[in-house]
Structures are given as structure tokens and as C-alpha cells.
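File shown: coords.txt. Contents: compact mmCIF, N, CA and C atoms.
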```txt
# COMPACT_ATOMS: atom_id res chain seq x y z
N MET N 12 -4.85 46.80 -19.76
CA MET N 12 -5.21 45.54 -20.38
C MET N 12 -5.87 44.66 -19.33
N SER N 13 -7.02 44.16 -19.60
CA SER N 13 -7.70 43.32 -18.62
C SER N 13 -7.46 41.85 -18.93
N LYS N 14 -7.63 41.04 -17.90
CA LYS N 14 -7.46 39.61 -18.06
C LYS N 14 -8.79 39.00 -18.47
N HIS N 15 -8.75 38.12 -19.43
CA HIS N 15 -9.93 37.38 -19.84
C HIS N 15 -9.58 35.91 -19.82
N VAL N 16 -10.27 35.15 -19.02
CA VAL N 16 -10.02 33.72 -18.96
C VAL N 16 -10.98 33.04 -19.92
N SER N 17 -10.44 32.21 -20.77
CA SER N 17 -11.29 31.49 -21.70
C SER N 17 -10.80 30.05 -21.80
N LYS N 18 -11.72 29.17 -22.07
CA LYS N 18 -11.35 27.77 -22.23
C LYS N 18 -10.71 27.59 -23.59
N THR N 19 -9.72 26.73 -23.63
CA THR N 19 -9.00 26.50 -24.87
C THR N 19 -9.03 25.01 -25.18
N GLU N 20 -9.35 24.69 -26.40
CA GLU N 20 -9.27 23.31 -26.86
C GLU N 20 -8.20 23.23 -27.92
N PHE N 21 -7.40 22.21 -27.85
CA PHE N 21 -6.32 22.04 -28.81
C PHE N 21 -6.64 20.84 -29.70
N GLU N 22 -6.36 20.99 -30.96
CA GLU N 22 -6.57 19.93 -31.93
C GLU N 22 -5.21 19.43 -32.41
N TYR N 23 -5.22 18.31 -33.10
CA TYR N 23 -4.00 17.76 -33.67
C TYR N 23 -3.33 18.80 -34.56
N PRO N 24 -2.06 18.97 -34.54
CA PRO N 24 -1.01 18.16 -33.95
C PRO N 24 -0.65 18.55 -32.50
N VAL N 25 -1.26 19.59 -31.94
CA VAL N 25 -0.93 19.99 -30.57
C VAL N 25 -1.74 19.13 -29.60
N HIS N 26 -1.06 18.41 -28.74
CA HIS N 26 -1.74 17.57 -27.77
C HIS N 26 -1.88 18.27 -26.43
N ARG N 27 -0.90 19.09 -26.09
CA ARG N 27 -0.94 19.78 -24.81
C ARG N 27 0.05 20.94 -24.87
N ILE N 28 -0.35 22.06 -24.31
CA ILE N 28 0.54 23.21 -24.23
C ILE N 28 0.31 23.89 -22.89
N CYS N 29 1.38 24.15 -22.20
CA CYS N 29 1.31 24.85 -20.92
C CYS N 29 2.37 25.94 -20.92
N GLY N 30 2.00 27.11 -20.49
CA GLY N 30 2.95 28.22 -20.44
C GLY N 30 2.77 29.15 -21.61
N LYS N 31 3.85 29.84 -21.95
CA LYS N 31 3.81 30.80 -23.03
C LYS N 31 4.35 30.19 -24.32
N ILE N 32 3.85 30.70 -25.43
CA ILE N 32 4.35 30.27 -26.74
C ILE N 32 5.76 30.83 -26.95
N SER N 33 5.96 32.10 -26.55
CA SER N 33 7.28 32.71 -26.65
C SER N 33 7.52 33.56 -25.41
N ARG N 34 8.74 33.94 -25.20
CA ARG N 34 9.12 34.71 -24.03
C ARG N 34 8.42 36.06 -23.99
N HIS N 35 8.13 36.64 -25.13
CA HIS N 35 7.55 37.98 -25.20
C HIS N 35 6.02 37.98 -25.24
N SER N 36 5.43 36.82 -25.33
CA SER N 36 3.98 36.73 -25.41
C SER N 36 3.32 37.05 -24.08
N LYS N 37 2.17 37.72 -24.13
CA LYS N 37 1.40 37.98 -22.92
C LYS N 37 0.31 36.95 -22.73
N VAL N 38 0.16 36.04 -23.69
CA VAL N 38 -0.84 34.99 -23.62
C VAL N 38 -0.23 33.79 -22.92
N VAL N 39 -0.91 33.32 -21.87
CA VAL N 39 -0.44 32.18 -21.10
C VAL N 39 -1.48 31.07 -21.20
N HIS N 40 -1.02 29.88 -21.53
CA HIS N 40 -1.87 28.70 -21.59
C HIS N 40 -1.63 27.94 -20.29
N SER N 41 -2.68 27.78 -19.51
CA SER N 41 -2.56 27.17 -18.20
C SER N 41 -3.17 25.78 -18.20
N CYS N 42 -2.42 24.81 -17.68
CA CYS N 42 -2.91 23.44 -17.54
C CYS N 42 -3.16 23.21 -16.06
N THR N 43 -4.39 22.92 -15.70
CA THR N 43 -4.75 22.76 -14.30
C THR N 43 -4.53 21.32 -13.86
N ALA N 44 -4.53 21.11 -12.55
CA ALA N 44 -4.32 19.78 -12.00
C ALA N 44 -5.45 18.83 -12.37
N SER N 45 -6.63 19.37 -12.61
CA SER N 45 -7.77 18.53 -12.98
C SER N 45 -7.75 18.12 -14.45
N GLY N 46 -6.78 18.62 -15.20
CA GLY N 46 -6.66 18.25 -16.60
C GLY N 46 -7.31 19.22 -17.56
N LYS N 47 -7.84 20.32 -17.05
CA LYS N 47 -8.49 21.32 -17.90
C LYS N 47 -7.45 22.33 -18.37
N PHE N 48 -7.81 23.07 -19.41
CA PHE N 48 -6.93 24.07 -19.98
C PHE N 48 -7.64 25.42 -19.97
N THR N 49 -6.93 26.47 -19.64
CA THR N 49 -7.46 27.82 -19.74
C THR N 49 -6.39 28.71 -20.36
N THR N 50 -6.82 29.81 -20.90
CA THR N 50 -5.92 30.78 -21.50
C THR N 50 -6.22 32.14 -20.90
N TYR N 51 -5.19 32.89 -20.54
CA TYR N 51 -5.39 34.22 -20.02
C TYR N 51 -4.27 35.14 -20.46
N LEU N 52 -4.51 36.44 -20.34
CA LEU N 52 -3.51 37.44 -20.68
C LEU N 52 -2.75 37.84 -19.43
N GLN N 53 -1.43 37.90 -19.55
CA GLN N 53 -0.59 38.27 -18.42
C GLN N 53 -0.17 39.72 -18.56
N GLY N 54 -0.18 40.42 -17.48
CA GLY N 54 0.25 41.81 -17.49
C GLY N 54 -0.04 42.45 -16.15
N GLU N 55 0.10 43.75 -16.08
CA GLU N 55 -0.18 44.45 -14.84
C GLU N 55 -1.67 44.43 -14.55
N ARG N 56 -1.98 44.35 -13.27
CA ARG N 56 -3.37 44.32 -12.84
C ARG N 56 -3.97 45.71 -12.89
N ASP N 57 -5.17 45.79 -13.43
CA ASP N 57 -5.91 47.05 -13.49
C ASP N 57 -6.62 47.20 -12.14
N LEU N 58 -6.04 48.01 -11.24
CA LEU N 58 -6.58 48.15 -9.90
C LEU N 58 -7.88 48.94 -9.84
N VAL N 59 -8.19 49.68 -10.90
CA VAL N 59 -9.46 50.40 -10.94
C VAL N 59 -10.60 49.42 -11.23
N ALA N 60 -10.41 48.58 -12.24
CA ALA N 60 -11.43 47.61 -12.61
C ALA N 60 -11.46 46.42 -11.65
N HIS N 61 -10.31 46.07 -11.09
CA HIS N 61 -10.19 44.91 -10.20
C HIS N 61 -9.41 45.29 -8.96
N PRO N 62 -10.03 46.03 -8.04
CA PRO N 62 -9.32 46.45 -6.83
C PRO N 62 -9.01 45.26 -5.92
N ILE N 63 -8.03 45.44 -5.06
CA ILE N 63 -7.65 44.40 -4.11
C ILE N 63 -8.73 44.34 -3.03
N THR N 64 -9.27 43.16 -2.81
CA THR N 64 -10.35 43.00 -1.85
C THR N 64 -9.80 42.60 -0.48
N GLN N 65 -10.64 42.74 0.53
CA GLN N 65 -10.23 42.36 1.88
C GLN N 65 -9.98 40.86 1.98
N SER N 66 -10.79 40.05 1.29
CA SER N 66 -10.58 38.60 1.32
C SER N 66 -9.24 38.23 0.68
N GLU N 67 -8.84 38.95 -0.35
CA GLU N 67 -7.54 38.71 -0.97
C GLU N 67 -6.41 39.05 0.00
N LEU N 68 -6.55 40.17 0.69
CA LEU N 68 -5.55 40.56 1.70
C LEU N 68 -5.49 39.53 2.83
N ASP N 69 -6.65 39.00 3.22
CA ASP N 69 -6.69 37.98 4.27
C ASP N 69 -5.99 36.70 3.82
N ARG N 70 -6.23 36.29 2.57
CA ARG N 70 -5.55 35.10 2.04
C ARG N 70 -4.05 35.30 1.98
N GLN N 71 -3.61 36.49 1.57
CA GLN N 71 -2.18 36.77 1.52
C GLN N 71 -1.55 36.74 2.90
N ALA N 72 -2.26 37.29 3.89
CA ALA N 72 -1.74 37.29 5.26
C ALA N 72 -1.66 35.87 5.81
N LYS N 73 -2.69 35.05 5.51
CA LYS N 73 -2.68 33.66 5.97
C LYS N 73 -1.52 32.89 5.34
N PHE N 74 -1.30 33.09 4.04
CA PHE N 74 -0.20 32.42 3.37
C PHE N 74 1.14 32.86 3.96
N LYS N 75 1.29 34.15 4.21
CA LYS N 75 2.55 34.67 4.76
C LYS N 75 2.82 34.06 6.13
N THR N 76 1.78 33.93 6.95
CA THR N 76 1.94 33.32 8.27
C THR N 76 2.33 31.86 8.16
N ARG N 77 1.63 31.13 7.28
CA ARG N 77 1.94 29.71 7.09
C ARG N 77 3.37 29.53 6.56
N GLN N 78 3.75 30.36 5.60
CA GLN N 78 5.08 30.25 5.01
C GLN N 78 6.16 30.47 6.06
N ALA N 79 5.95 31.42 6.97
CA ALA N 79 6.93 31.69 8.03
C ALA N 79 7.04 30.49 8.97
N LEU N 80 5.90 29.88 9.31
CA LEU N 80 5.92 28.70 10.17
C LEU N 80 6.65 27.53 9.50
N VAL N 81 6.38 27.32 8.21
CA VAL N 81 7.04 26.24 7.48
C VAL N 81 8.54 26.50 7.40
N ALA N 82 8.92 27.72 7.07
CA ALA N 82 10.35 28.06 6.95
C ALA N 82 11.08 27.82 8.27
N ALA N 83 10.42 28.13 9.37
CA ALA N 83 11.05 27.92 10.68
C ALA N 83 11.20 26.43 10.99
N ARG N 84 10.22 25.61 10.59
CA ARG N 84 10.26 24.18 10.91
C ARG N 84 11.17 23.37 10.02
N VAL N 85 11.46 23.82 8.81
CA VAL N 85 12.33 23.03 7.92
C VAL N 85 13.81 23.32 8.15
N LYS N 86 14.12 24.32 8.96
CA LYS N 86 15.53 24.59 9.30
C LYS N 86 16.07 23.47 10.17
N ARG N 87 17.29 23.08 9.91
CA ARG N 87 17.91 22.01 10.68
C ARG N 87 18.12 22.39 12.14
N THR N 88 18.13 23.66 12.44
CA THR N 88 18.33 24.12 13.81
C THR N 88 17.02 24.24 14.59
N ALA N 89 15.90 23.96 13.96
CA ALA N 89 14.60 24.06 14.64
C ALA N 89 14.49 23.00 15.72
N SER N 90 13.81 23.33 16.81
CA SER N 90 13.67 22.39 17.92
C SER N 90 12.85 21.16 17.54
N THR N 91 11.97 21.29 16.58
CA THR N 91 11.11 20.17 16.17
C THR N 91 11.64 19.43 14.95
N TYR N 92 12.81 19.82 14.45
CA TYR N 92 13.30 19.26 13.19
C TYR N 92 13.45 17.74 13.25
N GLU N 93 14.09 17.22 14.28
CA GLU N 93 14.33 15.78 14.37
C GLU N 93 13.02 15.00 14.44
N ALA N 94 12.09 15.47 15.24
CA ALA N 94 10.80 14.78 15.36
C ALA N 94 10.02 14.86 14.04
N ASP N 95 10.05 16.03 13.40
CA ASP N 95 9.38 16.19 12.11
C ASP N 95 9.98 15.28 11.05
N MET N 96 11.31 15.21 11.02
CA MET N 96 11.99 14.37 10.03
C MET N 96 11.68 12.89 10.27
N ALA N 97 11.64 12.47 11.52
CA ALA N 97 11.33 11.07 11.83
C ALA N 97 9.89 10.75 11.40
N ALA N 98 8.97 11.65 11.67
CA ALA N 98 7.57 11.44 11.26
C ALA N 98 7.45 11.43 9.74
N TYR N 99 8.18 12.30 9.07
CA TYR N 99 8.16 12.33 7.60
C TYR N 99 8.69 11.02 7.03
N ARG N 100 9.81 10.55 7.56
CA ARG N 100 10.38 9.29 7.06
C ARG N 100 9.47 8.10 7.32
N ALA N 101 8.73 8.14 8.42
CA ALA N 101 7.82 7.04 8.75
C ALA N 101 6.67 6.95 7.76
N GLN N 102 6.23 8.07 7.18
CA GLN N 102 5.13 8.06 6.23
C GLN N 102 5.59 8.15 4.79
N CYS N 103 6.86 8.13 4.55
CA CYS N 103 7.45 8.43 3.24
C CYS N 103 6.94 7.52 2.11
N ASP N 104 6.66 6.27 2.39
CA ASP N 104 6.25 5.36 1.33
C ASP N 104 4.85 5.65 0.79
N THR N 105 3.99 6.18 1.61
CA THR N 105 2.60 6.36 1.20
C THR N 105 2.14 7.81 1.20
N GLY N 106 2.96 8.73 1.65
CA GLY N 106 2.50 10.10 1.83
C GLY N 106 3.17 11.12 0.94
N TYR N 107 3.61 12.18 1.55
CA TYR N 107 4.17 13.33 0.85
C TYR N 107 5.56 13.01 0.31
N LYS N 108 5.86 13.56 -0.86
CA LYS N 108 7.11 13.22 -1.54
C LYS N 108 8.28 14.10 -1.13
N SER N 109 8.01 15.21 -0.44
CA SER N 109 9.13 16.04 0.04
C SER N 109 8.85 16.45 1.48
N PHE N 110 9.92 16.70 2.20
CA PHE N 110 9.82 17.11 3.59
C PHE N 110 9.07 18.43 3.72
N THR N 111 9.33 19.35 2.82
CA THR N 111 8.67 20.66 2.86
C THR N 111 7.16 20.51 2.66
N LYS N 112 6.74 19.68 1.71
CA LYS N 112 5.31 19.46 1.49
C LYS N 112 4.67 18.83 2.73
N TYR N 113 5.40 17.93 3.38
CA TYR N 113 4.90 17.31 4.60
C TYR N 113 4.70 18.36 5.69
N ILE N 114 5.66 19.25 5.86
CA ILE N 114 5.56 20.29 6.88
C ILE N 114 4.42 21.25 6.56
N TRP N 115 4.23 21.60 5.28
CA TRP N 115 3.10 22.44 4.89
C TRP N 115 1.79 21.78 5.33
N ALA N 116 1.66 20.49 5.09
CA ALA N 116 0.44 19.78 5.47
C ALA N 116 0.25 19.79 6.98
N GLN N 117 1.35 19.63 7.72
CA GLN N 117 1.27 19.65 9.17
C GLN N 117 0.84 21.02 9.70
N VAL N 118 1.37 22.07 9.10
CA VAL N 118 1.02 23.43 9.52
C VAL N 118 -0.45 23.71 9.24
N ILE N 119 -0.92 23.31 8.06
CA ILE N 119 -2.33 23.53 7.70
C ILE N 119 -3.25 22.71 8.60
N GLU N 120 -2.84 21.47 8.89
CA GLU N 120 -3.64 20.60 9.76
C GLU N 120 -3.72 21.18 11.18
N ALA N 121 -2.59 21.64 11.71
CA ALA N 121 -2.58 22.24 13.04
C ALA N 121 -3.44 23.49 13.08
N GLU N 122 -3.42 24.24 12.00
CA GLU N 122 -4.23 25.45 11.90
C GLU N 122 -5.73 25.11 11.89
N SER N 123 -6.09 24.07 11.16
CA SER N 123 -7.51 23.69 11.10
C SER N 123 -7.98 23.09 12.42
N GLU N 124 -7.10 22.37 13.12
CA GLU N 124 -7.46 21.83 14.43
C GLU N 124 -7.64 22.94 15.46
N ALA N 125 -6.90 24.02 15.29
CA ALA N 125 -7.02 25.16 16.21
C ALA N 125 -8.27 25.97 15.90
N GLY N 126 -8.90 25.68 14.76
CA GLY N 126 -10.15 26.35 14.40
C GLY N 126 -9.98 27.68 13.72
N GLU N 127 -8.88 27.84 12.99
CA GLU N 127 -8.64 29.12 12.31
C GLU N 127 -9.24 29.13 10.96
```

What does this structure look like when you write it as C-alpha cells?
Amino acid sequence: MSKHVSKTEFEYPVHRICGKISRHSKVVHSCTASGKFTTYLQGERDLVAHPITQSELDRQAKFKTRQALVAARVKRTASTYEADMAAYRAQCDTGYKSFTKYIWAQVIEAESEAGE
């Protein structure tokens, strides 16, 4: 079964739908952050029609590296925990709403400054 992404418009009485209609449905209605809606079929990936690309593997490796760095920094036993927490609390009113999101941003920023 292949995935087909299509735009979905909803009319009255449905104002918004995100997720599945039922637990057994393979149709997923996705609501994006920009306010758009898409619909796609969920299931196993057809690796013949859609093989895993090198760029996909690179993105997965980058995410895995970032996730490990974040996990290490949010532990209370981390050497940078106190400094990170103080910096997070200092920006708390105008910035990130959770400590983990703040650390993710710091890791990504440090990575971009290093030129990766």
C-alpha cells in the first residue's frame, strides 16, 4: 500500500480533525503547525517504490546525535545542568516553555555555530 498525500478541506459541521477517525483506520488526518490539513494512509513503507535514501539516513544520524547530547544535558548529574537551568530560568518569561526544548535549541545552535 503506498502513501498518497492529499489536501483535505472540511465543511460544516466538522471544523477541524486531527489524527485517526477510529483506532483501526489507516487514514490519518494531519494538522500542520501552519494551519493546513493533509490526509495520508498509514502503513508499512514500500521499500521497493520508496527506498531509504542517503539523505534520510544522514538526517536520522543527525537526530540520534542531537538526542544523545540533549539526554546527557538534561540529567541532573550533568556537569552543565546547573548553568543550563540558570540560563533557562533567566529566559523563561519570553523564551522556551520547557527545559528540554531549551536544551534542544542550545544543542542545535551550538551545532550551527560549529558549522555542521

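Residues lying within 8 Å of range 110-120 of chain N, counting only C-alpha atoms and ignoring same-chain neighbours fewer than 6 positions away, are Arg77, Leu80, Val81, Arg84, Val85, Asp95, Met96 and Tyr99 of chain N.
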
What would the file look like if the residues just selected were written as a short mmCIF file (atom, residue, chain, number, x, y, z; two decimals), in the frame of the given file with N, CA and C atoms?
```
data_model
loop_
_atom_site.label_atom_id
_atom_site.label_comp_id
_atom_site.auth_asym_id
_atom_site.auth_seq_id
_atom_site.Cartn_x
_atom_site.Cartn_y
_atom_site.Cartn_z
N ARG N 77 1.63 31.13 7.28
CA ARG N 77 1.94 29.71 7.09
C ARG N 77 3.37 29.53 6.56
N LEU N 80 5.90 29.88 9.31
CA LEU N 80 5.92 28.70 10.17
C LEU N 80 6.65 27.53 9.50
N VAL N 81 6.38 27.32 8.21
CA VAL N 81 7.04 26.24 7.48
C VAL N 81 8.54 26.50 7.40
N ARG N 84 10.22 25.61 10.59
CA ARG N 84 10.26 24.18 10.91
C ARG N 84 11.17 23.37 10.02
N VAL N 85 11.46 23.82 8.81
CA VAL N 85 12.33 23.03 7.92
C VAL N 85 13.81 23.32 8.15
N ASP N 95 10.05 16.03 13.40
CA ASP N 95 9.38 16.19 12.11
C ASP N 95 9.98 15.28 11.05
N MET N 96 11.31 15.21 11.02
CA MET N 96 11.99 14.37 10.03
C MET N 96 11.68 12.89 10.27
N TYR N 99 8.18 12.30 9.07
CA TYR N 99 8.16 12.33 7.60
C TYR N 99 8.69 11.02 7.03
#
```

#### Entry: Straight-line distance linking CA of Ala44 in chain N with CA of Ala83 in chain N, stated in Å to one decimal
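Interatomic distance here is 28.6 Å.
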
### Message
Give me, as number ranges by chain, the residues of chain N that a backbone DSSP run labels alpha helix (DSSP H).
### Response
N: 65-85, 92-102, 110-124

### Message
Report as number ranges by chain all protein, DNA and RNA residues lying within 7 Å of Cys29 in chain N, evaluated on all atoms listed in the file, omitting residues in the same chain fewer than 2 positions from it.
### Response
N: 27, 31-32, 39-42

### Message
To one decimal place in Å, what is the distance between CA of Arg100 in chain N and atom C of Arg87 in chain N?
### Response
16.0 Å

### Summary
Correct to one decimal, the distance atom N of Gly54 in chain N-atom N of Lys37 in chain N is 7.6 Å

What are the centre and the three edge lengths of an axis-aligned box that wraps all atoms of range 50-69 of chain N in the file, given that 5 Å is added to every side, written as AutoDock Vina command-line options and rounded to one decimal in Å?
```
--center_x -5.6 --center_y 40.1 --center_z -8.6 --size_x 21.7 --size_y 30.6 --size_z 35.8
```

### Message
Among range 29-85 of chain N, which residues does DSSP mark as strand (DSSP E) when it is run on the backbone? Keep the chain and numbering as in the structure and answer as a list in words.
### Response
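Put together, the selection reads Gly30, Lys31, Val38, Val39, His40, Ser41, Cys42, Phe48, Thr49, Thr50, Tyr51 and Leu52 of chain N.
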
#### Entry: Counting only N, CA and C atoms, the residue of N:Ala72, N:Val38, N:Gln65, N:Ala82 that sits nearest Gln53 in chain N
N:Val38
